[in-house]
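J.: This structure is in structure tokens; I'll ask about it shortly.
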Amino acid sequence: MTAEPQHTSWPVPPPDGYTVDDLFNLPDLPPHTELIDGSLVFVSPQRDFHTLAMYLLEAGLRRTAPDNFRVRREMTIVLGPRNAPEPDLLVLRAEAVRSREQTRYEAADVVLAVEVVSPDSEERDRDAKPRKYAAAGIPHFWLVEMAGERQHPTVHTYELDPVTKSYAITGIHHERLKLTVPFTIDIDLTEIDHM
């Protein structure tokens with residue numbers, strides 16, 4: 001007896017691409033689906049480094065964030081009608097959190113977006129997403145890469161130039177992430193060895 005082949009029905013995109021409304025209303029999309037330039041992007045399973053780097057940075061941000069900010073992991077940011085990425089971490093203004101059932105935040109409420117680079121998302125994380133975050137006016141962006149023999153996180157920090165609407169690099173942090181913007185932050189990146 002042979003098993004019947006499984007057929008997956010993929011949604012057919014509209015001629016002009018998907019919109020944010022489609023992203024939140026299409027049934028049965030996989031978790032963490034993003035909308036980039038009107039296309040649905042599905043996330044692949046993550047490496048151990050990705051998960052640990054997210055937890056390390058999330059804990060550090062939660063420990064240091066002032067009361068007027070909130071830290072969130074893997075939540076959608078609406079950048080425009082055809083772009084709704086899901087950064088690995090984000091820091092937003094506390095007043096943007098209106099409900100425990102909330103599924104998205106507006107770009108104007110976000111002060112920091114963080115992407116941990118994965119093999120399947122290198123181009124999006126290094127190029128497409130930072131350009132879109134900057135164009136949407138998000139003041140700070142971090143790009144996190146696995147580096148070195150010990151495979152520690154290296155955090156590239158960027159700040160928005162409001163004139164050019166592009167990011168300027170403010171530092172590359174290997175063992176310690178110590179910053180004064182968007183608030184005072186001090187995270188020992190080598191703690192990943194003990195997680």
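Simple scheme: letters A, B, ... for chains in structure tokens order, numbers from 1 for residues in each chain, numbers from 1 for ligands in the order shown.
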Using only C-alpha atoms, find each residue in region 25-55 of chain A having at least one atom no more than 6 Å away from region 63-87 of chain A; report its shortest atom-to-atom pair and that distance in Å (one decimal), rows by chain then rising number, as a tab-separated table.
T.:
```
residue	atom	partner	partner_atom	distance
A:Glu34	CA	A:Pro85	CA	4.9
A:Leu35	CA	A:Ala84	CA	4.8
A:Ile36	CA	A:Asn83	CA	4.9
A:Asp37	CA	A:Arg82	CA	5.4
A:Gly38	CA	A:Arg82	CA	4.6
```
J.: May I have the residues from that selection written out with N, CA and C atoms, as a short mmCIF file (atom, residue, chain, number, x, y, z; two decimals), in the first residue's frame?
T.:
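Output below, filename selection-v8.cif:
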```cif
data_model
loop_
_atom_site.label_atom_id
_atom_site.label_comp_id
_atom_site.auth_asym_id
_atom_site.auth_seq_id
_atom_site.Cartn_x
_atom_site.Cartn_y
_atom_site.Cartn_z
N GLU A 34 7.06 37.04 6.31
CA GLU A 34 7.30 38.47 6.13
C GLU A 34 6.77 38.92 4.78
N LEU A 35 6.54 40.21 4.65
CA LEU A 35 6.13 40.81 3.38
C LEU A 35 7.23 41.78 2.95
N ILE A 36 7.91 41.47 1.84
CA ILE A 36 8.98 42.31 1.33
C ILE A 36 8.66 42.64 -0.13
N ASP A 37 8.47 43.91 -0.41
CA ASP A 37 8.15 44.38 -1.75
C ASP A 37 6.97 43.64 -2.36
N GLY A 38 5.96 43.37 -1.56
CA GLY A 38 4.75 42.72 -2.05
C GLY A 38 4.86 41.21 -2.19
#
```
J.: From the DSSP assignment of the backbone, select every residue of chain A that is alpha helix (DSSP H), and format the answer as a VMD selection string.
T.: chain A and resid 20 to 25 48 to 64 122 to 123 129 to 135
J.: Restrict the selected residues to N, CA, C and O atoms and save them as a short mmCIF file (atom, residue, chain, number, x, y, z; two decimals), in the first residue's frame.
T.:
```
data_model
loop_
_atom_site.label_atom_id
_atom_site.label_comp_id
_atom_site.auth_asym_id
_atom_site.auth_seq_id
_atom_site.Cartn_x
_atom_site.Cartn_y
_atom_site.Cartn_z
N VAL A 20 -0.09 44.55 3.09
CA VAL A 20 -0.08 44.26 4.52
C VAL A 20 -1.40 43.61 4.94
O VAL A 20 -1.42 42.67 5.73
N ASP A 21 -2.52 44.10 4.39
CA ASP A 21 -3.82 43.49 4.72
C ASP A 21 -3.84 42.01 4.34
O ASP A 21 -4.36 41.18 5.09
N ASP A 22 -3.27 41.68 3.17
CA ASP A 22 -3.20 40.26 2.76
C ASP A 22 -2.39 39.45 3.75
O ASP A 22 -2.77 38.35 4.14
N LEU A 23 -1.24 40.00 4.18
CA LEU A 23 -0.37 39.28 5.11
C LEU A 23 -1.13 38.86 6.36
O LEU A 23 -0.95 37.76 6.87
N PHE A 24 -1.98 39.75 6.86
CA PHE A 24 -2.69 39.46 8.10
C PHE A 24 -4.02 38.75 7.90
O PHE A 24 -4.65 38.35 8.88
N ASN A 25 -4.43 38.56 6.65
CA ASN A 25 -5.73 37.92 6.41
C ASN A 25 -5.66 36.62 5.64
O ASN A 25 -6.65 35.88 5.59
N ASP A 48 21.44 27.27 15.85
CA ASP A 48 21.61 27.48 17.29
C ASP A 48 22.16 28.89 17.57
O ASP A 48 21.70 29.57 18.47
N PHE A 49 23.14 29.33 16.77
CA PHE A 49 23.72 30.66 16.97
C PHE A 49 22.65 31.74 16.91
O PHE A 49 22.63 32.66 17.71
N HIS A 50 21.76 31.63 15.94
CA HIS A 50 20.71 32.64 15.75
C HIS A 50 19.85 32.77 17.01
O HIS A 50 19.61 33.87 17.51
N THR A 51 19.42 31.65 17.53
CA THR A 51 18.57 31.65 18.72
C THR A 51 19.32 32.22 19.93
O THR A 51 18.78 33.06 20.66
N LEU A 52 20.55 31.77 20.14
CA LEU A 52 21.31 32.24 21.30
C LEU A 52 21.65 33.72 21.20
O LEU A 52 21.56 34.45 22.20
N ALA A 53 22.01 34.19 20.02
CA ALA A 53 22.31 35.62 19.84
C ALA A 53 21.06 36.45 20.12
O ALA A 53 21.15 37.50 20.79
N MET A 54 19.92 36.00 19.66
CA MET A 54 18.67 36.72 19.94
C MET A 54 18.39 36.78 21.43
O MET A 54 18.06 37.84 21.96
N TYR A 55 18.51 35.65 22.12
CA TYR A 55 18.25 35.62 23.57
C TYR A 55 19.23 36.51 24.33
O TYR A 55 18.84 37.22 25.25
N LEU A 56 20.51 36.46 23.96
CA LEU A 56 21.52 37.26 24.63
C LEU A 56 21.22 38.76 24.48
O LEU A 56 21.21 39.51 25.46
N LEU A 57 20.94 39.19 23.25
CA LEU A 57 20.66 40.61 23.01
C LEU A 57 19.33 41.02 23.62
O LEU A 57 19.21 42.12 24.18
N GLU A 58 18.34 40.15 23.54
CA GLU A 58 17.03 40.47 24.13
C GLU A 58 17.17 40.68 25.64
O GLU A 58 16.65 41.66 26.20
N ALA A 59 17.88 39.79 26.30
CA ALA A 59 18.06 39.92 27.76
C ALA A 59 18.80 41.21 28.09
O ALA A 59 18.43 41.93 29.03
N GLY A 60 19.84 41.53 27.33
CA GLY A 60 20.58 42.75 27.57
C GLY A 60 19.75 44.00 27.33
O GLY A 60 19.83 44.97 28.10
N LEU A 61 18.95 43.99 26.28
CA LEU A 61 18.08 45.14 26.01
C LEU A 61 17.00 45.28 27.08
O LEU A 61 16.72 46.39 27.54
N ARG A 62 16.40 44.19 27.49
CA ARG A 62 15.37 44.25 28.54
C ARG A 62 15.96 44.76 29.85
O ARG A 62 15.31 45.51 30.58
N ARG A 63 17.18 44.37 30.14
CA ARG A 63 17.84 44.78 31.39
C ARG A 63 18.15 46.28 31.39
O ARG A 63 18.11 46.92 32.44
N THR A 64 18.42 46.85 30.22
CA THR A 64 18.88 48.24 30.16
C THR A 64 17.86 49.23 29.64
O THR A 64 18.06 50.44 29.78
N GLU A 122 20.78 36.20 4.23
CA GLU A 122 21.92 37.13 4.22
C GLU A 122 21.64 38.39 3.42
O GLU A 122 21.85 39.51 3.90
N GLU A 123 21.18 38.25 2.19
CA GLU A 123 20.95 39.42 1.34
C GLU A 123 19.85 40.32 1.90
O GLU A 123 20.00 41.53 1.93
N LYS A 129 16.49 44.84 4.00
CA LYS A 129 15.84 45.29 5.23
C LYS A 129 16.45 46.59 5.78
O LYS A 129 15.70 47.51 6.11
N PRO A 130 17.78 46.72 5.89
CA PRO A 130 18.31 47.99 6.38
C PRO A 130 17.87 49.19 5.52
O PRO A 130 17.55 50.25 6.05
N ARG A 131 17.87 49.03 4.20
CA ARG A 131 17.43 50.13 3.34
C ARG A 131 15.98 50.50 3.63
O ARG A 131 15.62 51.68 3.71
N LYS A 132 15.14 49.50 3.82
CA LYS A 132 13.72 49.75 4.09
C LYS A 132 13.51 50.36 5.48
O LYS A 132 12.70 51.26 5.65
N TYR A 133 14.24 49.86 6.48
CA TYR A 133 14.13 50.42 7.83
C TYR A 133 14.56 51.90 7.82
O TYR A 133 13.93 52.75 8.44
N ALA A 134 15.66 52.19 7.11
CA ALA A 134 16.14 53.57 7.04
C ALA A 134 15.14 54.47 6.32
O ALA A 134 14.82 55.57 6.80
N ALA A 135 14.62 54.01 5.20
CA ALA A 135 13.64 54.81 4.45
C ALA A 135 12.39 55.07 5.28
O ALA A 135 11.74 56.12 5.12
#
```
J.: For a quick check of understanding, using only C-alpha atoms, which of A:Met195, A:Leu89, A:Val41, A:Val12 has the smallest distance to Arg124 (chain A)?
T.: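 Distance minimum relative to Arg124 (chain A) lands on A:Val41.
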J.: Pick out the closest residue to His194 (chain A) from this set: A:Val43, A:His152, A:Tyr105, A:Lys165. Count only C-alpha atoms.
T.: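 Selected residue with least distance to His194 (chain A): A:His152.
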J.: Rounded to one decimal in Å, what is the spacing between CA of His32 (chain A) and CA of Leu189 (chain A)?
T.: 25.8 Å
J.: Taking into account only C-alpha atoms, which residue in the set A:Val181, A:Met146, A:Leu29, A:Ala128 is nearest to Val111 (chain A)?
T.: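 Closest candidate: A:Val181.
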J.: Would you mind reading off the distance between CA of Ala107 (chain A) and CA of Pro30 (chain A), one decimal, in Å?
T.: 23.0 Å
J.: Wanna dump the region 116-147 of chain A-region 174-177 of chain A contacts at 12 Å for me, each residue with its shortest atom pair and the distance in Å to one decimal, counting only C-alpha atoms, ordered by chain and number, as a Markdown table?
T.:
```
| residue | atom | partner | partner_atom | distance |
| --- | --- | --- | --- | --- |
| A:Trp142 | CA | A:Leu177 | CA | 10.9 |
| A:Val144 | CA | A:His174 | CA | 10.1 |
| A:Glu145 | CA | A:His174 | CA | 9.9 |
| A:Met146 | CA | A:His174 | CA | 9.9 |
| A:Ala147 | CA | A:His174 | CA | 8.3 |
```
J.: Under the rule that only C-alpha atoms are counted, which of A:Val163, A:Ala108, A:Leu40, A:Leu143 is the nearest residue to Asp127 (chain A)?
T.: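 With only C-alpha atoms as the atom set, the closest residue is A:Leu143.
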J.: Out of region 2-185 of chain A, which residues get strand (DSSP E or B) from DSSP, as an NGL selection string?
T.: :A and (34-36 or 39-41 or 69-73 or 76-78 or 80 or 83-84 or 89-93 or 104-106 or 110-116 or 140-147 or 152-161 or 166-173 or 176-179 or 185)
J.: What is the distance between CA of Gly171 (chain A) and CA of Ala96 (chain A), in Å to one decimal?
T.: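 CA of Ala96 (chain A) lies 28.4 Å from CA of Gly171 (chain A).
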J.: Using only C-alpha atoms, which of A:Arg126, A:Pro14, A:Leu92, A:His140 sits nearest Ala168 (chain A)?
T.: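 Of the candidates, the smallest distance to Ala168 (chain A) is held by A:His140.
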J.: Taking only C-alpha atoms into account, name the residue in A:Val97, A:Ser39, A:Val91, A:Pro139 that is nearest to Gly17 (chain A).
T.: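 Smallest distance to Gly17 (chain A) is found for A:Ser39.
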